[in-house]
Protein chains: 2
Amino acid sequence: MKVAFQGVHGAYSEMAILGLLGKKASTIPMDTFAEVFQAVEQHRADRGLIPIENSLAGSIHQNYDLLLSHNLHIIQETHLRIEHVLMCHPSSTMARLREVRSHPQALAQCSRFFEQHRRLKEVAFYDTAGAAKSIMESGSLETGAIASMHAARLYGLSVLKRNLENEKHNYTRFLLISRTPWNPRSGVRTKCSIAFRPILNKPGILFRILGVFSLRDIDLLKIESRPDPRSPFEYLFYLDLAGNPKEPKVAKALEHLKEVVTHFRLLGAYPMGKGKFYGGRGKRGKRGE
Amino acid sequence: MKVAFQGVHGAYSEMAILGLLGKKASTIPMDTFAEVFQAVEQHRADRGLIPIENSLAGSIHQNYDLLLSHNLHIIQETHLRIEHVLMCHPSSTMARLREVRSHPQALAQCSRFFEQHRRLKEVAFYDTAGAAKSIMESGSLETGAIASMHAARLYGLSVLKRNLENEKHNYTRFLLISRTPWNPRSGVRTKCSIAFRPILNKPGILFRILGVFSLRDIDLLKIESRPDPRSPFEYLFYLDLAGNPKEPKVAKALEHLKEVVTHFRLLGAYPMGKGKFYGGRGKRGKRGE
């Protein structure tokens, strides 16, 4: 199965694909998120994997926009703790390093390490995995990289230090997208991601919208509003809800929702991911998995 | 008035400060957002300016976390359209450029320009304004930078091309923070930013929470939920609402809210910003400013 992702081999996205699909996945690097969507649409890839939100940096609106402008379906979700690893050429050592390459965001997330190692110069690089690759290619003994554990293994680099990041609670949630929707099965806890715009000029519209779900005891797992710069004074909403759109209760709620919103889109129904990052919970009124 | 910001002189944040406060502001660059908060707390700066959300990249949770962990107040908001400008040394020209430096996110946002100019090599740099500064310092005639118009002016560089970005609808919303709260005045349209956690184990809790506002005809301007990786199975909510916490209606709503949530924080009450990015509207039921 060919899975497209944005970045170069060794990227955190590729690590998420391998975690989700294992060895059956053959990964295809792309320059941009838009190209990931195109590759799936044009059958050059079977699936695409995109990051959708990060616990420090928030929702990636750009990928919500791409979900809305393409006719693909979310079929699975996964999350990855972003662990930054310091690595170097296998013939080098910590003492020999003079500079460390990585994406500026990764460098910034490891600022405490650099405060403690002032002799190391931070050098910005286009992406984390590319920084790792460049060390393998150049054979430099004075240059380290900050990237994923996966990149260290892939490029045969020595791991000098793990968990370099200041903030350990750094998770990214990824979505697997496909041309055909996932087929909900009974017994599999399912969630739906939807997007819509509330109808204009209705005071309390959000209260009505949430009533659609709360009056039917459907749990909301995520809600986010976003002013849309393309449509002045309009908001776009993203909601994740617990349930399967083929269940009568959920199907009726979505029909009811369409009475009070416009531009409704079901972005996908997929098995609820495991792990606390999803905020998933077991039975009503009882949190935890 | 001394205003701290994250970045170097010429950064988009500094441009936002000058747009908001004009010449009365003396800007102080800081390495990290946390240092911006510390500088204000420790009286090394009178104000701090932080980005809080971007129309493509979403809410900056890290700055919400800092607002929650420090006792500072939002007193003003502003937004800036992120216009990326290609610039070079005043003695150089477009034809002489071989490479262009900028932050990887800015380079990615200008990918269409690089597709049309394949001879130009993209070089990652720690920040956009730093890339501009480096050209002035090195005097290189073969290196361009992508940064703000403000950086071009500040470092005396020639502007080769404006609006280099693929996506024109790229806005960042910034907040001005202070040790003392803003004093709401009648006649000034005011908004409040609040954060809280819903009480656990209450089905339909979000519906109840929004009822607090909708039953009192208080408009919500932003709502976002975020699973908190630090507290498994708990959500943190951010809300912006139209109104002044000294108005009886709003004061009562906030008291009512405290009955159904924990960890309530009023992050600030401040004049509602102008411009479509805020999704602000005039009278009830009538959108537009």
# chains A, B, ... in the order shown; residues from 1 in each chain; ligands from 1
$ residues_around --residues "B:Asn54" --least-positions-apart "3" --cutoff "7 Å" --atoms "only C-alpha atoms" --output "CSV table (one decimal) with N, CA and C atoms, in the first residue's frame"
chain,number,residue,atom,x,y,z
B,57,ALA,N,-2.4,28.5,10.2
B,57,ALA,CA,-1.7,27.6,11.1
B,57,ALA,C,-2.5,27.4,12.4
B,58,GLY,N,-3.6,28.1,12.7
B,58,GLY,CA,-4.4,27.8,13.9
B,58,GLY,C,-3.9,28.6,15.1
B,59,SER,N,-4.6,28.2,16.3
B,59,SER,CA,-4.3,28.8,17.6
B,59,SER,C,-2.9,28.4,18.1
B,171,TYR,N,-3.5,35.7,7.9
B,171,TYR,CA,-3.6,36.8,8.9
B,171,TYR,C,-3.1,36.2,10.2
B,172,THR,N,-2.4,37.0,11.0
B,172,THR,CA,-2.0,36.6,12.3
B,172,THR,C,-2.7,37.6,13.3
B,173,ARG,N,-3.3,37.0,14.4
B,173,ARG,CA,-3.9,37.9,15.4
B,173,ARG,C,-2.9,37.9,16.6
$ calpha_fit_and_write --fixed "chain A" --moving "chain B" --output "compact mmCIF listing (two decimals) with C-alpha atoms, in the first residue's frame"
# COMPACT_ATOMS: atom_id res chain seq x y z
CA MET B 1 -0.01 0.02 0.02
CA LYS B 2 1.44 3.34 -1.13
CA VAL B 3 1.06 6.18 1.40
CA ALA B 4 1.98 9.77 0.53
CA PHE B 5 3.25 12.20 3.19
CA GLN B 6 4.76 15.70 3.27
CA GLY B 7 8.49 15.78 3.97
CA VAL B 8 11.50 13.57 3.29
CA HIS B 9 12.18 10.01 4.42
CA GLY B 10 12.70 10.00 8.17
CA ALA B 11 10.04 12.67 8.85
CA TYR B 12 7.74 12.42 11.87
CA SER B 13 4.86 11.87 9.41
CA GLU B 14 6.60 8.81 7.99
CA MET B 15 7.14 7.52 11.53
CA ALA B 16 3.39 7.92 12.12
CA ILE B 17 2.62 5.92 8.93
CA LEU B 18 4.87 3.07 10.05
CA GLY B 19 3.30 3.11 13.50
CA LEU B 20 -0.17 2.93 11.97
CA LEU B 21 0.33 0.53 9.06
CA GLY B 22 3.65 -1.21 9.73
CA LYS B 23 5.57 -2.88 6.95
CA LYS B 24 2.65 -3.10 4.56
CA ALA B 25 3.07 0.64 3.87
CA SER B 26 5.38 1.92 1.19
CA THR B 27 5.90 5.63 1.88
CA ILE B 28 6.03 8.35 -0.79
CA PRO B 29 7.54 11.72 0.16
CA MET B 30 5.92 14.87 -1.24
CA ASP B 31 6.98 18.52 -1.08
CA THR B 32 3.67 19.97 0.07
CA PHE B 33 0.41 18.92 1.77
CA ALA B 34 -1.50 19.83 -1.41
CA GLU B 35 0.61 17.30 -3.33
CA VAL B 36 -0.28 14.61 -0.79
CA PHE B 37 -3.97 15.17 -1.59
CA GLN B 38 -3.30 15.24 -5.34
CA ALA B 39 -1.26 12.04 -5.19
CA VAL B 40 -4.19 10.19 -3.59
CA GLU B 41 -6.78 11.71 -5.91
CA GLN B 42 -4.74 10.85 -8.99
CA HIS B 43 -4.13 7.24 -7.87
CA ARG B 44 -0.38 7.76 -7.48
CA ALA B 45 -0.86 6.83 -3.84
CA ASP B 46 -3.47 4.65 -2.12
CA ARG B 47 -3.53 6.75 1.04
CA GLY B 48 -2.21 10.04 2.36
CA LEU B 49 -1.15 10.90 5.89
CA ILE B 50 -1.48 14.48 7.14
CA PRO B 51 -0.94 16.13 10.53
CA ILE B 52 -4.12 17.85 11.71
CA GLU B 53 -3.30 19.21 15.16
CA ASN B 54 -0.44 19.49 17.59
CA SER B 55 -0.72 19.83 21.34
CA LEU B 56 1.52 22.92 21.38
CA ALA B 57 0.91 24.46 17.97
CA GLY B 58 -2.85 23.88 17.50
CA SER B 59 -5.00 22.79 14.55
CA ILE B 60 -3.46 22.93 11.12
CA HIS B 61 -6.12 24.95 9.30
CA GLN B 62 -4.31 24.49 6.01
CA ASN B 63 -5.05 20.75 6.13
CA TYR B 64 -8.68 21.36 7.09
CA ASP B 65 -8.87 23.60 4.01
CA LEU B 66 -7.43 20.82 1.86
CA LEU B 67 -9.90 18.29 3.32
CA LEU B 68 -12.71 20.69 2.38
CA SER B 69 -11.45 21.37 -1.13
CA HIS B 70 -10.83 17.70 -2.04
CA ASN B 71 -13.21 14.80 -2.12
CA LEU B 72 -11.19 12.42 0.06
CA HIS B 73 -12.19 10.70 3.31
CA ILE B 74 -10.55 10.39 6.69
CA ILE B 75 -10.40 6.65 7.41
CA GLN B 76 -8.07 6.43 10.42
CA GLU B 77 -6.33 8.59 13.02
CA THR B 78 -3.14 8.16 15.01
CA HIS B 79 -1.05 10.27 17.31
CA LEU B 80 2.65 10.47 17.85
CA ARG B 81 4.59 11.94 20.70
CA ILE B 82 7.17 14.24 19.15
CA GLU B 83 10.44 13.12 20.67
CA HIS B 84 13.41 15.13 19.45
CA VAL B 85 16.64 13.14 19.28
CA LEU B 86 20.17 14.55 18.99
CA MET B 87 22.18 12.52 16.51
CA CYS B 88 25.57 12.60 14.82
CA HIS B 89 27.76 10.70 12.37
CA PRO B 90 28.65 7.24 13.80
CA SER B 91 32.36 8.22 13.85
CA SER B 92 31.67 11.42 15.83
CA THR B 93 30.95 12.11 19.50
CA MET B 94 29.16 14.76 21.55
CA ALA B 95 32.52 16.42 22.34
CA ARG B 96 33.33 16.88 18.65
CA LEU B 97 30.11 18.63 17.70
CA ARG B 98 30.26 22.33 16.94
CA GLU B 99 26.82 22.90 15.42
CA VAL B 100 23.38 21.28 15.33
CA ARG B 101 21.01 21.41 12.37
CA SER B 102 17.25 21.19 12.47
CA HIS B 103 13.99 22.90 11.61
CA PRO B 104 13.74 26.21 13.54
CA GLN B 105 10.62 25.00 15.37
CA ALA B 106 12.48 21.88 16.60
CA LEU B 107 15.50 24.01 17.61
CA ALA B 108 13.17 26.34 19.53
CA GLN B 109 11.51 23.37 21.24
CA CYS B 110 14.97 22.29 22.49
CA SER B 111 16.07 25.75 23.69
CA ARG B 112 16.92 24.52 27.19
CA PHE B 113 19.42 22.03 25.77
CA PHE B 114 21.16 24.83 23.85
CA GLU B 115 21.24 27.03 26.96
CA GLN B 116 23.15 24.22 28.68
CA HIS B 117 25.46 23.69 25.70
CA ARG B 118 26.38 27.18 24.61
CA ARG B 119 29.30 26.05 22.44
CA LEU B 120 26.82 24.39 20.03
CA LYS B 121 25.65 26.67 17.25
CA GLU B 122 22.03 26.24 16.12
CA VAL B 123 21.72 26.03 12.34
CA ALA B 124 18.30 26.24 10.70
CA PHE B 125 17.42 23.54 8.19
CA TYR B 126 14.40 23.03 5.95
CA ASP B 127 13.17 19.99 7.89
CA THR B 128 14.31 17.73 10.69
CA ALA B 129 14.75 14.57 8.62
CA GLY B 130 16.59 16.54 5.92
CA ALA B 131 19.05 17.73 8.57
CA ALA B 132 19.72 14.10 9.57
CA LYS B 133 20.12 13.06 5.94
CA SER B 134 22.60 15.90 5.27
CA ILE B 135 24.93 14.61 8.00
CA MET B 136 24.96 11.13 6.54
CA GLU B 137 25.61 12.57 3.07
CA SER B 138 28.34 15.04 4.05
CA GLY B 139 30.04 12.75 6.57
CA SER B 140 30.65 15.81 8.77
CA LEU B 141 31.91 14.95 12.26
CA GLU B 142 31.31 18.44 13.68
CA THR B 143 27.62 18.67 12.80
CA GLY B 144 24.74 17.10 14.67
CA ALA B 145 21.04 17.04 13.87
CA ILE B 146 17.80 17.10 15.85
CA ALA B 147 15.24 14.80 14.27
CA SER B 148 13.12 11.74 14.97
CA MET B 149 14.42 8.40 16.26
CA HIS B 150 13.19 7.03 12.94
CA ALA B 151 15.50 9.42 11.02
CA ALA B 152 18.50 8.35 13.14
CA ARG B 153 17.85 4.69 12.31
CA LEU B 154 17.12 5.34 8.64
CA TYR B 155 20.32 7.31 8.01
CA GLY B 156 22.52 5.15 10.27
CA LEU B 157 23.38 7.96 12.70
CA SER B 158 24.41 7.62 16.35
CA VAL B 159 21.88 8.72 18.94
CA LEU B 160 23.59 11.07 21.43
CA LYS B 161 20.61 12.13 23.50
CA ARG B 162 16.90 11.36 23.49
CA ASN B 163 14.01 13.55 24.71
CA LEU B 164 15.85 16.76 23.96
CA GLU B 165 12.63 18.82 23.95
CA ASN B 166 11.75 21.26 26.76
CA GLU B 167 8.11 20.18 26.79
CA LYS B 168 7.44 16.44 26.94
CA HIS B 169 3.73 16.85 26.25
CA ASN B 170 4.19 17.43 22.54
CA TYR B 171 1.80 15.28 20.53
CA THR B 172 0.75 15.45 16.91
CA ARG B 173 -2.48 13.91 15.68
CA PHE B 174 -2.38 12.57 12.12
CA LEU B 175 -5.19 11.52 9.77
CA LEU B 176 -5.06 8.83 7.11
CA ILE B 177 -7.01 9.85 4.01
CA SER B 178 -8.34 7.72 1.20
CA ARG B 179 -10.47 7.92 -1.96
CA THR B 180 -13.06 5.56 -0.47
CA PRO B 181 -14.65 5.96 2.96
CA TRP B 182 -14.11 3.53 5.81
CA ASN B 183 -16.99 1.15 6.35
CA PRO B 184 -18.10 1.43 9.99
CA ARG B 185 -18.45 -1.93 11.73
CA SER B 186 -20.50 -2.60 14.80
CA GLY B 187 -18.34 -3.13 17.86
CA VAL B 188 -15.74 -0.62 16.67
CA ARG B 189 -15.96 2.68 18.55
CA THR B 190 -16.31 5.25 15.81
CA LYS B 191 -15.95 8.98 15.55
CA CYS B 192 -16.92 11.45 12.83
CA SER B 193 -15.22 14.64 11.80
CA ILE B 194 -17.54 17.23 10.30
CA ALA B 195 -17.23 20.83 9.15
CA PHE B 196 -19.92 23.43 8.49
CA ARG B 197 -20.85 27.09 8.61
CA PRO B 198 -23.65 28.24 10.90
CA ILE B 199 -26.45 30.03 9.09
CA LEU B 200 -25.86 33.76 9.34
CA ASN B 201 -27.87 36.22 11.43
CA LYS B 202 -29.13 33.77 13.99
CA PRO B 203 -28.40 34.74 17.58
CA GLY B 204 -27.62 31.74 19.77
CA ILE B 205 -27.03 29.60 16.68
CA LEU B 206 -24.16 27.74 18.32
CA PHE B 207 -26.40 26.73 21.21
CA ARG B 208 -28.93 25.35 18.72
CA ILE B 209 -26.19 23.51 16.87
CA LEU B 210 -24.90 21.82 20.00
CA GLY B 211 -28.45 21.03 21.06
CA VAL B 212 -28.69 18.80 17.98
CA PHE B 213 -26.10 16.54 19.60
CA SER B 214 -26.67 17.00 23.32
CA LEU B 215 -30.43 16.33 23.04
CA ARG B 216 -29.52 12.98 21.50
CA ASP B 217 -26.74 12.17 24.02
CA ILE B 218 -24.03 12.31 21.38
CA ASP B 219 -20.64 13.23 22.82
CA LEU B 220 -18.57 15.96 21.20
CA LEU B 221 -14.84 15.26 21.21
CA LYS B 222 -13.63 18.46 19.58
CA ILE B 223 -15.13 21.80 18.70
CA GLU B 224 -13.35 24.67 17.07
CA SER B 225 -14.54 27.83 15.38
CA ARG B 226 -12.44 29.72 12.92
CA PRO B 227 -13.14 33.08 11.35
CA ASP B 228 -12.80 32.52 7.63
CA PRO B 229 -10.74 35.29 6.04
CA ARG B 230 -12.14 34.32 2.64
CA SER B 231 -15.75 35.00 3.68
CA PRO B 232 -15.89 38.11 5.83
CA PHE B 233 -17.93 37.69 9.02
CA GLU B 234 -18.44 34.00 8.52
CA TYR B 235 -17.21 31.23 10.75
CA LEU B 236 -16.20 27.75 9.88
CA PHE B 237 -16.69 25.06 12.53
CA TYR B 238 -14.90 21.77 12.98
CA LEU B 239 -16.53 19.15 15.18
CA ASP B 240 -15.51 15.63 16.09
CA LEU B 241 -18.29 13.55 17.57
CA ALA B 242 -18.51 10.07 19.03
CA GLY B 243 -20.62 7.80 16.87
CA ASN B 244 -21.16 6.19 13.54
CA PRO B 245 -23.11 8.07 10.85
CA LYS B 246 -24.96 4.85 10.00
CA GLU B 247 -26.43 4.64 13.53
CA PRO B 248 -29.97 6.07 13.33
CA LYS B 249 -29.33 8.47 16.24
CA VAL B 250 -26.25 10.00 14.58
CA ALA B 251 -27.81 9.99 11.11
CA LYS B 252 -30.84 11.89 12.49
CA ALA B 253 -28.60 14.37 14.31
CA LEU B 254 -26.68 15.10 11.11
CA GLU B 255 -29.96 15.60 9.19
CA HIS B 256 -31.16 17.91 11.96
CA LEU B 257 -27.83 19.78 11.86
CA LYS B 258 -28.28 20.51 8.15
CA GLU B 259 -31.40 22.51 9.04
CA VAL B 260 -29.31 25.03 10.99
CA VAL B 261 -26.01 25.11 9.09
CA THR B 262 -24.74 25.49 5.53
CA HIS B 263 -21.73 23.98 3.76
CA PHE B 264 -22.02 20.77 5.76
CA ARG B 265 -19.29 18.20 5.05
CA LEU B 266 -18.70 14.80 6.61
CA LEU B 267 -14.89 14.64 6.44
CA GLY B 268 -14.84 11.03 7.51
CA ALA B 269 -16.01 8.36 9.93
CA TYR B 270 -13.21 6.28 11.42
CA PRO B 271 -12.27 4.13 14.39
CA MET B 272 -11.64 6.19 17.51
CA GLY B 273 -7.90 6.36 18.16
CA LYS B 274 -6.47 5.03 21.38
CA GLY B 275 -4.60 7.20 23.84
CA LYS B 276 -5.31 10.18 25.96
CA PHE B 277 -4.64 12.71 23.22
CA TYR B 278 -8.04 11.99 21.72
CA GLY B 279 -9.86 12.71 24.91
CA GLY B 280 -11.86 9.60 24.07
CA ARG B 281 -13.86 7.93 26.79
CA GLY B 282 -15.59 4.65 27.29
CA LYS B 283 -19.22 4.72 28.32
CA ARG B 284 -21.28 7.82 28.85
CA GLY B 285 -20.27 9.67 31.95
CA LYS B 286 -17.23 7.53 32.48
CA ARG B 287 -14.00 8.94 31.14
CA GLY B 288 -10.96 6.89 30.38
CA GLU B 289 -10.14 4.08 28.00
$ select_by_dssp --residues "stretch 179-248 of chain B" --states "strand (DSSP E)" --output "JSON, numbers by chain"
{"B": [190, 191, 192, 193, 194, 195, 196, 197, 198, 220, 221, 222, 223, 224, 225, 226, 227, 235, 236, 237, 238, 239, 240, 241, 242]}
$ write_last_selection --atoms "N, CA and C atoms" --output "CSV table (one decimal), in the first residue's frame"
chain,number,residue,atom,x,y,z
B,190,THR,N,-16.4,45.9,23.6
B,190,THR,CA,-15.5,45.1,24.4
B,190,THR,C,-15.7,43.6,24.1
B,191,LYS,N,-14.6,42.9,24.2
B,191,LYS,CA,-14.7,41.4,24.2
B,191,LYS,C,-13.9,40.9,25.4
B,192,CYS,N,-14.2,39.7,25.7
B,192,CYS,CA,-13.4,39.0,26.8
B,192,CYS,C,-12.9,37.7,26.3
B,193,SER,N,-11.7,37.4,26.7
B,193,SER,CA,-11.2,36.0,26.4
B,193,SER,C,-11.2,35.3,27.8
B,194,ILE,N,-11.7,34.1,27.8
B,194,ILE,CA,-11.8,33.3,29.0
B,194,ILE,C,-11.3,31.9,28.6
B,195,ALA,N,-10.8,31.2,29.7
B,195,ALA,CA,-10.4,29.8,29.5
B,195,ALA,C,-11.0,29.0,30.7
B,196,PHE,N,-11.3,27.7,30.5
B,196,PHE,CA,-11.8,26.9,31.7
B,196,PHE,C,-11.8,25.5,31.3
B,197,ARG,N,-12.0,24.6,32.3
B,197,ARG,CA,-12.3,23.2,32.0
B,197,ARG,C,-13.7,22.9,32.4
B,198,PRO,N,-14.4,22.1,31.6
B,198,PRO,CA,-15.8,21.7,32.0
B,198,PRO,C,-15.6,20.7,33.1
B,220,LEU,N,-20.9,34.7,21.1
B,220,LEU,CA,-19.6,34.1,21.2
B,220,LEU,C,-18.8,34.3,19.9
B,221,LEU,N,-17.6,34.8,20.1
B,221,LEU,CA,-16.8,35.1,18.9
B,221,LEU,C,-15.7,34.0,18.6
B,222,LYS,N,-15.4,33.2,19.5
B,222,LYS,CA,-14.5,32.1,19.3
B,222,LYS,C,-14.8,31.0,20.3
B,223,ILE,N,-14.7,29.8,19.8
B,223,ILE,CA,-14.8,28.7,20.8
B,223,ILE,C,-13.8,27.6,20.3
B,224,GLU,N,-13.0,27.1,21.2
B,224,GLU,CA,-12.1,26.0,20.8
B,224,GLU,C,-11.9,25.1,22.0
B,225,SER,N,-11.9,23.8,21.7
B,225,SER,CA,-11.6,22.8,22.8
B,225,SER,C,-10.3,22.2,22.4
B,226,ARG,N,-9.6,21.8,23.4
B,226,ARG,CA,-8.3,21.3,23.3
B,226,ARG,C,-8.1,20.2,24.3
B,227,PRO,N,-7.8,18.9,23.8
B,227,PRO,CA,-7.5,17.9,24.8
B,227,PRO,C,-6.2,18.3,25.5
B,235,TYR,N,-10.5,18.4,29.0
B,235,TYR,CA,-10.4,19.4,27.9
B,235,TYR,C,-10.2,20.7,28.5
B,236,LEU,N,-9.6,21.6,27.7
B,236,LEU,CA,-9.4,23.0,28.1
B,236,LEU,C,-10.2,23.7,27.0
B,237,PHE,N,-11.0,24.7,27.4
B,237,PHE,CA,-11.7,25.5,26.4
B,237,PHE,C,-11.2,26.9,26.4
B,238,TYR,N,-11.2,27.5,25.2
B,238,TYR,CA,-11.0,28.9,25.1
B,238,TYR,C,-12.2,29.5,24.5
B,239,LEU,N,-12.7,30.6,25.1
B,239,LEU,CA,-13.9,31.3,24.5
B,239,LEU,C,-13.6,32.8,24.4
B,240,ASP,N,-14.0,33.4,23.3
B,240,ASP,CA,-14.0,34.9,23.3
B,240,ASP,C,-15.5,35.2,23.2
B,241,LEU,N,-15.9,36.2,24.0
B,241,LEU,CA,-17.3,36.6,23.9
B,241,LEU,C,-17.4,38.1,23.8
B,242,ALA,N,-18.5,38.6,23.2
B,242,ALA,CA,-18.7,40.0,23.1
B,242,ALA,C,-19.3,40.5,24.4
